[in-house]
Structures are given as C-alpha cells and as structure tokens.
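Each remark here refers to the structure printed beneath this line.
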Amino acid sequence: MLYNIAIYFYLLGVAISSIFSEKVRKMWRGERAAFGVLKKKVDPEAKYVWFHAASLGEFEQGRPIIERLRQEHPEYKVLLTFFSPSGYEVRKNYEGADIICYLPLDTPLNAIRFLRLVRPVMAFFIKYEFWYNYLHILKHRCIPTYSVSSIFRPDQVFFKWYARQYACVLKCFTHFFVQNEQSRDLLATLGITEVTISGDTRFDRVLQIKEQSKHLPLVEAFKKDCPVFVAGSSWQPDEDIFIRYFNEHKDWKLIIAPHVISEDHLQQILSKLNLKTVRYTQTTPEAVVDAQCLIIDCFGLLSSIYHYGEVAYVGGGFGVGIHNVLEAAVWNVPVLFGPNNKRFQEAQELLASGGGIEISDYDTFASQMQRFISDRQLLKECGSKAGEYVKGKAGATEIVLKNSPL
C-alpha cells in the first residue's frame, strides 16, 4: 500500500540525511541498534508493558502513568521506546523503565520482528503516535492498545475524504484517552466510540515536577528581595523584546534560560544586554548577588527556576510555537507568550483563565509589565488564576489507570 511505499522512501531519506546531520545520524544508528538491545535485554519470562513516545515532551506526558504502574504493579516490566534523539538522548538512563531504545521504523518486517521479541501484554502510545504496521499487528494479536492524551483537529489527515484508508489505523486502538470533547466528537465521525475524555497527563506531570523541584542556592542569592522576571525557552525574537525592556527598566532582575544553549547564541544574548550579567555555570554565590541578569547556560533547571519569578515568559511564540507554559503556570505566576499559540490548547485555556497573556510586540509587552509593576494586586490575581488552572486540570493519570486493565 502507499503507506509502506512512503515509509521506504522515508527510510532512504533518513539514510541520506544521516550523512549530513548528527541528530538524524543518532536516530538512524539508534533504530538499527534497537533489535540488538532487545535481544540482549528482553526477559522471555517477563510481562512487558510497552510505552512509546515520539520525543521528550510526549515522554513527560506518559511519565506519570509509567511511574504509577511501577509503584502499583511491580509484576510488570516497562519497555520505553522513542522516535526522536531529543527524547532518547535525554532519557536513555531513566530508571522508571527496564528497557529503553529507539523504535525501529514502521516497516512490516520491523513491526513483526519487534513484537515477536517483546511480546507486550499491553501498549500505550502517547499523544500523536499512529504507526500503521505496529498498530495493525498489535490488533491482530489482540494486545490491548491505548492512545493517551491524544488530541484531534478537523484539519488532520484522518478526517479528509482522501485518507479514509489510512484513518482505519485509529480503529486498531482498544481505547482512546483524549484531551477534549472535540477530539471525542471527531473520532465518532469515524465510528470510533471507545473514547474517554481524560484531559492531559501533562498537568499531573507538572504538579509532580513542582513537588520534586530543586532548591537552587545560586538563584536564591541572585533574587535576594528583588522581583524577578523569568524568561524560559527563549528564542531571538523573544529576547529582542524583553531584553530591550529590562535594559531600560532596572528595578526588576532578569533570568534568561534560552531554548538553544550554544556559545554563539549565549554571546548574542550577552551582546544585547546593558545589565550586569553572569552565567549560571561561571558565577559564584558572591558574584551573583550584585548581578542584574542571570543567564542559565545549562539544561535541567528551568522548571525549578520558575519558582523564583514574579512573572514568567515562555518563548517560541514568535516562531516555532510556544513551549511548555504549564511548567511556569504551576508556580502561581502570570505567563506571557507570543502570538503563535493558537494550536496549543493549554495556552488557549490559560489565556481564557486570565493566567496567561499574549504579547504581540514590544509595546504590548511593555504595557503589560507596567500594569503588573503598578498594580501588585493584579499581578497576584493573574498568578493565582494560572496556578488554579493547572490544579483544576489534574487527574488524567487516574482516569487512564482506572479505565485500562492494570
């Protein structure tokens, strides 16, 4: 069929691209090594629950379920697979899974070989993962298969007249746990009714992250008694806006955690700042106290750093699309972000709750900051609305576990 032809062309494209791209090369090598990993590590006597996440974001959505499974059902072992290096390379040593590897590309032969080796007792695909051959073989083998935190929109290929044959892949799932009512209604147009509106497990995850947040003495020393603006996952267009503002308004301190932590990008940021600035990995408790700007030049701290801010800014909204607004909102702070947020349900809901504010340019940013600075009650109310929004959306993990045979 056309899908398999396309997969083989994609495989050829990956092989060629791997010559020029380190990221693609890691994925290419990882997929080819996956069968060796499975042959070595799979226990033929064990019962495996298979979780598949495309990348790091989807893994974080599936993580609350994995960890509850480990806690409540130690009789199962966990296989975790990734498609993207940005997920696998960060979480390849995750202790919550017994085996972690790349998922071999979805050819019929790979799918048969993979499932013969693993023989999972059930499978969970997180959000957007719809691999035709794997799913059809899972269904043929009567293995319960679940889609978790999935979300559907009318413009997706499944709901186009010309893609009805491919849309049958959705009927391979035993049950869908979707984020909203629209997703349930769209699935109903395809005759799929085994659907539960569970919400998004990311809300459970960010609450979990909050509970496990790190104490950061350097950031605490930087903050002292000053109000702090935290810019997370920022890109150059974001930085042009808030750096200009804080170069002119120095009553607040600024923390920048850029999305791309390369030396070129860090030097670009430093060249724009007219503030006494230090880098997290290069400063000391004594030096950081008098700094006006702290640049986070390492990974893994952002979710804890939001705790130290009075206002948060989440980048990506002037380009690729906004990053994780929930990690900021959970700390009861207002969350600002750019206009490319329409495809992100949590951003739209955060806006509606009053805890999120869309920024379209420098003037709207400056105007909003002045309102917060002059009206501390407004600042507090917006932050409370952000935190309440996150808490009110928790509970998807519990729904999934209650409605699956665990």
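Chain lettering (A, B, ...) mirrors the order of the structure tokens, residue numbering begins at 1 for each chain separately, and ligand numbering begins at 1 in order of display.
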
Can I get the residues of region 1-73 of chain A within 7 Å of region 126-141 of chain A, each with the closest pair of atoms and their distance in Å to one decimal, using only C-alpha atoms, sorted chain first then ascending number, as a tab-separated table?
residue	atom	partner	partner_atom	distance
A:His52	CA	A:Ile126	CA	6.3
A:Ala53	CA	A:Ile126	CA	5.4
A:Ala54	CA	A:Glu129	CA	6.8
A:Glu58	CA	A:Ile126	CA	5.9
A:Gly62	CA	A:Ile126	CA	6.3

Contact residues around Val195 (chain A) with only C-alpha atoms at 9 Å, ignoring same-chain residues under 5 positions, as a PyMOL selection string | chain A and resi 175-178+184+187-188

List every residue of region 282-387 of chain A that DSSP, applied to the backbone, labels as strand (DSSP E), and write the result as a ChimeraX atom specification.
-> /A:293-295,311-314,335-337,356-358

Spatial neighbours of region 163-166 of chain A, 12 Å, only C-alpha atoms, chain gap at least 3 places, as a list of chain:residue names =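 Once the nearby chain positions are removed, what remains is A:Met1, A:Leu2, A:Tyr3, A:Asn4, A:Phe130, A:Trp131, A:Tyr132, A:Asn133, A:Leu135, A:His136, A:Asp155, A:Gln156, A:Val157, A:Phe158, A:Phe159, A:Lys160, A:Val169, A:Leu170, A:Lys171, A:Cys172, A:Thr189, A:Leu190, A:Gly191.
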
Output the selection as a short mmCIF file (atom, residue, chain, number, x, y, z; two decimals), in the first residue's frame - C-alpha atoms for each residue.
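To be explicit, this is the file written out as out_12.cif:
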data_model
loop_
_atom_site.label_atom_id
_atom_site.label_comp_id
_atom_site.auth_asym_id
_atom_site.auth_seq_id
_atom_site.Cartn_x
_atom_site.Cartn_y
_atom_site.Cartn_z
CA MET A 1 0.00 0.00 0.00
CA LEU A 2 1.01 3.65 -0.35
CA TYR A 3 1.88 3.99 3.35
CA ASN A 4 4.57 1.30 3.16
CA PHE A 130 -0.07 6.35 14.92
CA TRP A 131 2.28 3.76 13.37
CA TYR A 132 0.24 1.77 10.87
CA ASN A 133 2.10 -1.57 10.86
CA LEU A 135 -0.82 -0.93 15.41
CA HIS A 136 -2.32 -3.43 12.96
CA ASP A 155 -7.60 19.54 9.63
CA GLN A 156 -5.77 16.28 10.44
CA VAL A 157 -5.37 13.75 7.66
CA PHE A 158 -7.66 11.16 9.32
CA PHE A 159 -10.70 13.34 8.64
CA LYS A 160 -10.02 14.04 4.96
CA VAL A 169 -5.32 2.80 11.77
CA LEU A 170 -7.27 4.54 14.51
CA LYS A 171 -9.57 1.53 14.80
CA CYS A 172 -6.60 -0.53 15.96
CA THR A 189 -17.42 10.57 12.82
CA LEU A 190 -15.18 7.58 12.03
CA GLY A 191 -17.34 5.23 14.07
#

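Going from CA of Val228 (chain A) to CA of Val325 (chain A) covers 17.4 Å.
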
Any chance you could list, as a PyMOL selection string, the residues in region 83-273 of chain A that come up helix (DSSP H, G or I) when DSSP is run on the backbone?
-> chain A and resi 85-91+108-118+132-140+157-159+161-172+181-188+202-211+217-223+236-248+263-272

For Thr81 (chain A), work out the shell of residues within 6 Å, counting only C-alpha atoms and skipping chain neighbours fewer than 2 positions away, then give it as number ranges by chain.
-> A: 52, 100-103
